file structure-v4.cif (mmCIF, C-alpha atoms and all ligand atoms)
data_structure
#
loop_
_atom_site.label_atom_id
_atom_site.label_comp_id
_atom_site.auth_asym_id
_atom_site.auth_seq_id
_atom_site.Cartn_x
_atom_site.Cartn_y
_atom_site.Cartn_z
CA ALA A 286 -18.98 -20.07 -38.86
CA THR A 287 -21.18 -21.09 -35.97
CA VAL A 288 -24.04 -19.05 -34.53
CA GLY A 289 -21.81 -18.30 -31.52
CA GLU A 290 -19.05 -16.97 -33.76
CA LEU A 291 -21.57 -14.86 -35.66
CA ASP A 292 -22.90 -13.37 -32.40
CA ALA A 293 -19.35 -12.64 -31.22
CA ALA A 294 -18.58 -10.77 -34.47
CA LEU A 295 -21.91 -8.92 -34.38
CA VAL A 296 -21.32 -7.28 -31.00
CA ASP A 297 -18.27 -5.48 -32.45
CA CYS A 298 -20.16 -4.09 -35.48
CA ARG A 299 -19.89 -0.31 -36.01
CA ALA A 300 -21.29 -0.13 -39.55
CA CYS A 301 -24.07 2.43 -38.88
CA PRO A 302 -22.58 5.73 -37.66
CA ARG A 303 -25.91 7.17 -36.45
CA LEU A 304 -26.78 4.07 -34.42
CA VAL A 305 -23.29 3.67 -32.99
CA ALA A 306 -23.45 7.28 -31.77
CA TRP A 307 -26.94 6.86 -30.30
CA ARG A 308 -26.41 3.53 -28.54
CA GLU A 309 -23.20 4.86 -26.96
CA GLN A 310 -24.70 8.23 -26.02
CA VAL A 311 -27.62 6.54 -24.24
CA ALA A 312 -25.19 4.24 -22.44
CA ARG A 313 -23.02 7.21 -21.31
CA GLU A 314 -25.95 9.29 -20.13
CA LYS A 315 -27.83 6.50 -18.37
CA ARG A 316 -24.94 4.59 -16.88
CA ALA A 317 -25.17 6.62 -13.65
CA ALA A 318 -28.80 5.57 -13.12
CA PHE A 319 -27.83 1.90 -13.34
CA ARG A 320 -24.52 2.17 -11.54
CA ASP A 321 -24.63 -1.39 -10.23
CA GLN A 322 -24.85 -2.80 -13.77
CA GLU A 323 -22.73 -2.80 -16.88
CA TYR A 324 -24.63 -0.69 -19.46
CA TRP A 325 -24.26 -2.65 -22.70
CA GLY A 326 -24.53 0.08 -25.39
CA ARG A 327 -23.51 -2.28 -28.24
CA PRO A 328 -25.23 -4.44 -30.88
CA VAL A 329 -27.55 -7.00 -29.25
CA PRO A 330 -27.16 -10.54 -30.61
CA GLY A 331 -29.93 -13.11 -31.02
CA LEU A 332 -31.05 -14.90 -27.85
CA GLY A 333 -31.71 -18.63 -27.65
CA PRO A 334 -30.30 -21.93 -28.84
CA ALA A 335 -28.66 -22.28 -32.28
CA ASP A 336 -30.86 -25.31 -33.07
CA ALA A 337 -34.11 -23.40 -32.42
CA SER A 338 -36.88 -24.22 -34.87
CA LEU A 339 -39.01 -21.21 -33.87
CA LEU A 340 -37.75 -17.68 -34.44
CA ILE A 341 -39.31 -14.60 -32.89
CA VAL A 342 -38.42 -11.41 -34.74
CA GLY A 343 -38.92 -7.94 -33.29
CA LEU A 344 -37.59 -4.77 -34.91
CA ALA A 345 -34.66 -3.37 -32.92
CA PRO A 346 -33.41 -3.28 -29.32
CA ALA A 347 -35.01 -0.73 -26.98
CA ALA A 348 -32.69 2.03 -25.74
CA HIS A 349 -33.18 1.24 -22.04
CA GLY A 350 -34.08 -2.46 -22.34
CA ALA A 351 -31.86 -4.64 -24.51
CA ASN A 352 -29.39 -1.78 -25.17
CA ARG A 353 -28.84 -1.68 -21.40
CA THR A 354 -28.81 -5.41 -20.59
CA GLY A 355 -27.29 -6.73 -23.83
CA ARG A 356 -30.01 -9.36 -24.14
CA MET A 357 -33.01 -9.19 -26.48
CA PHE A 358 -36.19 -7.80 -24.83
CA THR A 359 -34.59 -8.03 -21.40
CA GLY A 360 -35.15 -5.28 -18.85
CA ASP A 361 -38.20 -3.42 -20.14
CA ARG A 362 -42.00 -3.63 -20.16
CA SER A 363 -42.19 -5.16 -23.64
CA GLY A 364 -39.97 -8.00 -22.48
CA ASP A 365 -42.03 -8.49 -19.30
CA VAL A 366 -45.08 -9.19 -21.47
CA LEU A 367 -43.23 -11.34 -23.99
CA PHE A 368 -41.36 -13.57 -21.53
CA ALA A 369 -44.45 -14.07 -19.34
CA ALA A 370 -46.35 -15.32 -22.41
CA MET A 371 -43.43 -17.46 -23.58
CA HIS A 372 -43.24 -19.05 -20.15
CA ALA A 373 -47.02 -19.65 -20.14
CA VAL A 374 -46.80 -21.67 -23.37
CA GLY A 375 -43.58 -23.49 -22.40
CA LEU A 376 -41.05 -21.56 -24.51
CA ALA A 377 -39.11 -19.95 -21.64
CA THR A 378 -37.82 -21.43 -18.38
CA GLN A 379 -38.98 -18.44 -16.31
CA PRO A 380 -41.61 -15.73 -16.70
CA THR A 381 -39.32 -12.76 -16.08
CA ALA A 382 -36.14 -11.39 -17.63
CA VAL A 383 -34.26 -8.83 -15.59
CA HIS A 384 -30.62 -8.96 -16.67
CA ALA A 385 -28.34 -11.10 -18.79
CA GLY A 386 -27.28 -13.30 -15.86
CA ASP A 387 -30.72 -14.15 -14.45
CA GLY A 388 -30.74 -17.76 -15.69
CA LEU A 389 -33.47 -17.38 -18.32
CA GLU A 390 -33.32 -19.95 -21.11
CA LEU A 391 -35.51 -20.26 -24.17
CA VAL A 392 -36.89 -23.62 -25.28
CA GLY A 393 -36.51 -24.40 -28.99
CA THR A 394 -36.84 -20.69 -29.71
CA ARG A 395 -34.51 -17.88 -30.68
CA ILE A 396 -35.34 -14.18 -30.55
CA THR A 397 -33.63 -11.95 -33.07
CA ALA A 398 -34.18 -8.70 -34.96
CA PRO A 399 -33.62 -7.16 -38.41
CA VAL A 400 -31.77 -4.28 -36.68
CA HIS A 401 -29.41 -5.09 -33.80
CA CYS A 402 -28.68 -1.60 -32.43
CA ALA A 403 -31.12 0.65 -30.57
CA PRO A 404 -32.33 3.42 -32.92
CA PRO A 405 -33.52 6.90 -31.87
CA ASP A 406 -37.35 6.87 -31.46
CA ASN A 407 -37.26 3.12 -32.21
CA LYS A 408 -37.05 4.03 -35.92
CA PRO A 409 -34.16 2.67 -37.97
CA THR A 410 -33.68 4.24 -41.43
CA PRO A 411 -34.14 2.11 -44.58
CA ASP A 412 -30.33 2.19 -45.01
CA GLU A 413 -29.78 0.88 -41.49
CA ARG A 414 -32.35 -1.87 -42.01
CA GLU A 415 -30.69 -2.85 -45.23
CA ARG A 416 -27.20 -2.91 -43.71
CA CYS A 417 -28.18 -4.88 -40.63
CA GLY A 418 -30.22 -7.25 -42.79
CA GLY A 419 -26.86 -8.76 -43.75
CA TRP A 420 -26.44 -10.01 -40.18
CA LEU A 421 -29.92 -11.52 -40.19
CA ARG A 422 -29.30 -13.21 -43.55
CA ALA A 423 -26.11 -14.73 -42.12
CA GLU A 424 -27.98 -15.85 -38.99
CA LEU A 425 -30.78 -17.41 -41.06
CA ALA A 426 -28.22 -19.32 -43.14
CA LEU A 427 -26.94 -20.96 -39.93
CA LEU A 428 -30.32 -21.65 -38.31
CA ARG A 429 -32.96 -24.19 -39.34
CA PRO A 430 -36.21 -22.37 -38.54
CA ARG A 431 -39.55 -24.00 -39.33
CA ALA A 432 -41.67 -21.09 -38.10
CA VAL A 433 -41.18 -17.38 -37.52
CA MET A 434 -43.38 -15.13 -35.41
CA VAL A 435 -42.93 -11.46 -36.31
CA LEU A 436 -43.80 -8.79 -33.78
CA GLY A 437 -45.33 -5.81 -35.56
CA GLY A 438 -45.65 -4.47 -39.08
CA PHE A 439 -42.22 -2.80 -39.19
CA GLY A 440 -40.47 -6.06 -38.39
CA TRP A 441 -42.65 -7.84 -40.97
CA GLN A 442 -41.67 -5.32 -43.69
CA ALA A 443 -38.00 -5.62 -42.78
CA LEU A 444 -38.01 -9.41 -42.61
CA LEU A 445 -39.71 -10.34 -45.91
CA PRO A 446 -36.86 -9.25 -48.22
CA VAL A 447 -34.35 -11.00 -45.95
CA LEU A 448 -36.38 -14.23 -46.10
CA ALA A 449 -36.53 -13.93 -49.90
CA ASP A 450 -32.74 -13.49 -50.05
CA ALA A 451 -32.29 -16.45 -47.71
CA GLY A 452 -34.08 -18.78 -50.16
CA TRP A 453 -37.76 -18.77 -49.22
CA ALA A 454 -40.35 -17.96 -51.91
CA VAL A 455 -42.09 -14.77 -50.79
CA PRO A 456 -45.23 -14.21 -52.91
CA ARG A 457 -45.82 -11.03 -54.93
CA PRO A 458 -47.57 -8.90 -53.93
CA ARG A 459 -46.00 -9.41 -50.54
CA PRO A 460 -48.30 -10.82 -47.85
CA LYS A 461 -49.70 -8.12 -45.58
CA PHE A 462 -49.03 -7.94 -41.86
CA ALA A 463 -51.97 -8.59 -39.55
CA HIS A 464 -52.31 -9.92 -36.04
CA GLY A 465 -52.77 -13.67 -36.45
CA ALA A 466 -51.71 -13.64 -40.14
CA HIS A 467 -50.23 -16.97 -41.25
CA VAL A 468 -48.39 -17.56 -44.53
CA GLU A 469 -46.51 -20.68 -45.55
CA LEU A 470 -43.40 -19.91 -47.63
CA PRO A 471 -41.94 -22.75 -49.67
CA GLY A 472 -38.15 -22.96 -49.64
CA GLU A 473 -35.21 -25.14 -50.65
CA ARG A 474 -34.59 -25.98 -47.00
CA GLY A 475 -38.25 -26.79 -46.31
CA PRO A 476 -41.32 -24.59 -45.82
CA LEU A 477 -41.37 -21.73 -43.35
CA HIS A 478 -44.52 -20.83 -41.44
CA LEU A 479 -44.70 -17.08 -40.99
CA PHE A 480 -46.99 -15.66 -38.30
CA GLY A 481 -47.81 -12.02 -37.57
CA CYS A 482 -48.45 -10.73 -34.04
CA TYR A 483 -48.96 -7.18 -32.78
CA HIS A 484 -45.78 -5.85 -31.21
CA VAL A 485 -45.47 -6.20 -27.42
CA SER A 486 -44.89 -2.43 -27.09
CA GLN A 487 -46.51 -0.60 -24.18
CA GLN A 488 -48.58 1.31 -26.74
CA ASN A 489 -50.28 -2.00 -27.62
CA THR A 490 -50.28 -3.79 -24.26
CA PHE A 491 -51.39 -0.85 -22.08
CA THR A 492 -54.31 -0.11 -24.40
CA GLY A 493 -55.42 -3.74 -24.61
CA ARG A 494 -54.85 -3.88 -28.37
CA LEU A 495 -52.63 -6.85 -27.56
CA THR A 496 -53.68 -8.92 -24.54
CA PRO A 497 -51.61 -11.71 -22.99
CA ALA A 498 -54.19 -14.23 -24.29
CA MET A 499 -53.84 -12.93 -27.86
CA LEU A 500 -50.05 -13.15 -27.65
CA GLU A 501 -50.12 -16.66 -26.16
CA GLN A 502 -52.47 -17.83 -28.88
CA VAL A 503 -50.16 -16.78 -31.74
CA LEU A 504 -47.10 -18.06 -29.85
CA ASP A 505 -48.80 -21.41 -29.38
CA ARG A 506 -49.72 -21.71 -33.09
CA ALA A 507 -46.18 -20.76 -34.12
CA ALA A 508 -44.68 -23.24 -31.65
CA GLN A 509 -46.89 -26.02 -33.00
CA ALA A 510 -45.96 -25.19 -36.60
CA ALA A 511 -42.28 -25.25 -35.56
CA GLY A 512 -42.70 -28.57 -33.77
CA VAL A 513 -41.50 -27.13 -30.43
FE1 LIG B 1 -23.99 -3.11 -37.24
FE2 LIG B 1 -26.56 -3.73 -37.38
FE3 LIG B 1 -25.69 -2.13 -35.45
FE4 LIG B 1 -25.74 -1.25 -37.98
S1 LIG B 1 -27.53 -1.81 -36.71
S2 LIG B 1 -24.07 -0.99 -36.48
S3 LIG B 1 -25.26 -3.15 -39.11
S4 LIG B 1 -25.16 -4.28 -35.73
#

call {"tool": "encode", "arguments": {"input": "structure-v4.cif", "output": "structure tokens"}}
result
Amino acid sequence: ATVGELDAALVDCRACPRLVAWREQVAREKRAAFRDQEYWGRPVPGLGPADASLLIVGLAPAAHGANRTGRMFTGDRSGDVLFAAMHAVGLATQPTAVHAGDGLELVGTRITAPVHCAPPDNKPTPDERERCGGWLRAELALLRPRAVMVLGGFGWQALLPVLADAGWAVPRPRPKFAHGAHVELPGERGPLHLFGCYHVSQQNTFTGRLTPAMLEQVLDRAAQAAGV
């Protein structure tokens, strides 16, 4: 399979009954408010080129952001912060992301998530994480990442077992998430540089816990480690 074929299969996934119900309920209820747009309401595939050497991993699509636009981090405040920073360090062709047809392209970078459907309260269950981890394992098998930047502790927890399954040596005890954390994981397909960054949620960006400068700094280190 190619990454494109994987993405095409992913958007038809209905494996998690609770998340299927939620993503479709939100789409039904909110469609009227965004009448001029198609409201996606389906699994959101990874965004960015298949030969990306840097991966950015969040947790799950936001109900009114990616679940609406069908494109990772597109259409909400978290994405505004992320894409502005990516553009500032040369990883995105424009600083804003409004809808799936706005022309945004990522440079050497792909954004994906351990859970591809919007969960209620942004909280997937362990079962849902486990199930959707299969998609991420399949994606990782097709990509050749040299560095991964994980946004937030939940994404970090969800990603480590998937990286271990995908052939990278994850130390025991597992490395702890911290903003600016950096761990090098040896692997059959070459080492992987893992970086932690606070999530770009409004809770972090509005309070100044995560500033644009802090985000750009980790992005820049991850991009250098990935050779982008
Ligand atoms: Fe499928 Fe993942 Fe969505 Fe569950 S969360 S329905 S596994 S795409």

call {"tool": "residues_near_ligand", "arguments": {"input": "structure-v4.cif", "ligand": "ligand LIG 1 (chain B)", "cutoff": "10 Å", "atoms": "all atoms listed in the file", "output": "VMD selection string"}}
result
chain A and resid 292 294 to 306 308 327 to 330 345 to 346 398 to 404 409 to 410 412 to 421

call {"tool": "closest_residue", "arguments": {"input": "structure-v4.cif", "among": "A:Ser363, A:Asn352, A:Thr496, A:Gln442", "to": "Lys315 (chain A)", "atoms": "only C-alpha atoms"}}
result
A:Asn352

call {"tool": "closest_residue", "arguments": {"input": "structure-v4.cif", "among": "A:Val342, A:Glu473, A:Gly326, A:Ala498", "to": "Leu445 (chain A)", "atoms": "all atoms listed in the file"}}
result
A:Val342

call {"tool": "atom_distance", "arguments": {"input": "structure-v4.cif", "atom1": "CA of Asn407 (chain A)", "atom2": "CA of Ser486 (chain A)"}}
result
10.7 Å

call {"tool": "atom_distance", "arguments": {"input": "structure-v4.cif", "atom1": "CA of Glu314 (chain A)", "atom2": "CA of Ala351 (chain A)"}}
result
15.8 Å

call {"tool": "closest_residue", "arguments": {"input": "structure-v4.cif", "among": "A:Cys482, A:Leu477, A:Ala335, A:Pro405", "to": "Phe439 (chain A)", "atoms": "only C-alpha atoms"}}
result
A:Cys482

call {"tool": "residues_around", "arguments": {"input": "structure-v4.cif", "residues": "Glu390 (chain A)", "least_positions_apart": "5", "cutoff": "8 Å", "atoms": "only C-alpha atoms", "output": "PDB file with C-alpha atoms, in the frame of the given file"}}
result
ATOM      1  CA  GLY A 333     -31.710 -18.630 -27.650  1.00  0.00           C
ATOM      2  CA  ALA A 377     -39.110 -19.950 -21.640  1.00  0.00           C
ATOM      3  CA  THR A 378     -37.820 -21.430 -18.380  1.00  0.00           C
ATOM      4  CA  GLN A 379     -38.980 -18.440 -16.310  1.00  0.00           C
TER       5      GLN A 379
END

call {"tool": "closest_residue", "arguments": {"input": "structure-v4.cif", "among": "A:Arg313, A:Arg506, A:Lys408, A:Arg320", "to": "His478 (chain A)", "atoms": "only C-alpha atoms"}}
result
A:Arg506

call {"tool": "closest_residue", "arguments": {"input": "structure-v4.cif", "among": "A:Leu291, A:Val513, A:Ala382, A:Val503", "to": "Leu436 (chain A)", "atoms": "only C-alpha atoms"}}
result
A:Val503

call {"tool": "atom_distance", "arguments": {"input": "structure-v4.cif", "atom1": "CA of Thr490 (chain A)", "atom2": "CA of Val468 (chain A)"}}
result
24.6 Å

call {"tool": "closest_residue", "arguments": {"input": "structure-v4.cif", "among": "A:Gly331, A:Ala317, A:Val366, A:Ala385", "to": "Ala423 (chain A)", "atoms": "all atoms listed in the file"}}
result
A:Gly331

call {"tool": "residues_near_point", "arguments": {"input": "structure-v4.cif", "point": "(-29.9, -7.0, -20.1)", "cutoff": "9 Å", "atoms": "all atoms listed in the file", "output": "ChimeraX atom specification"}}
result
/A:323-325,350-360,382-386

call {"tool": "residues_around", "arguments": {"input": "structure-v4.cif", "residues": "Glu469 (chain A)", "least_positions_apart": "5", "cutoff": "12 Å", "atoms": "all atoms listed in the file", "output": "list in words"}}
result
Arg431, Ala432, Val433, Met434, Trp453, Ala454, Val455, Pro456, Pro460, Gly475, Pro476, Leu477, His478, Leu479, Phe480, Gly481, Ala507, Ala510 and Ala511 of chain A
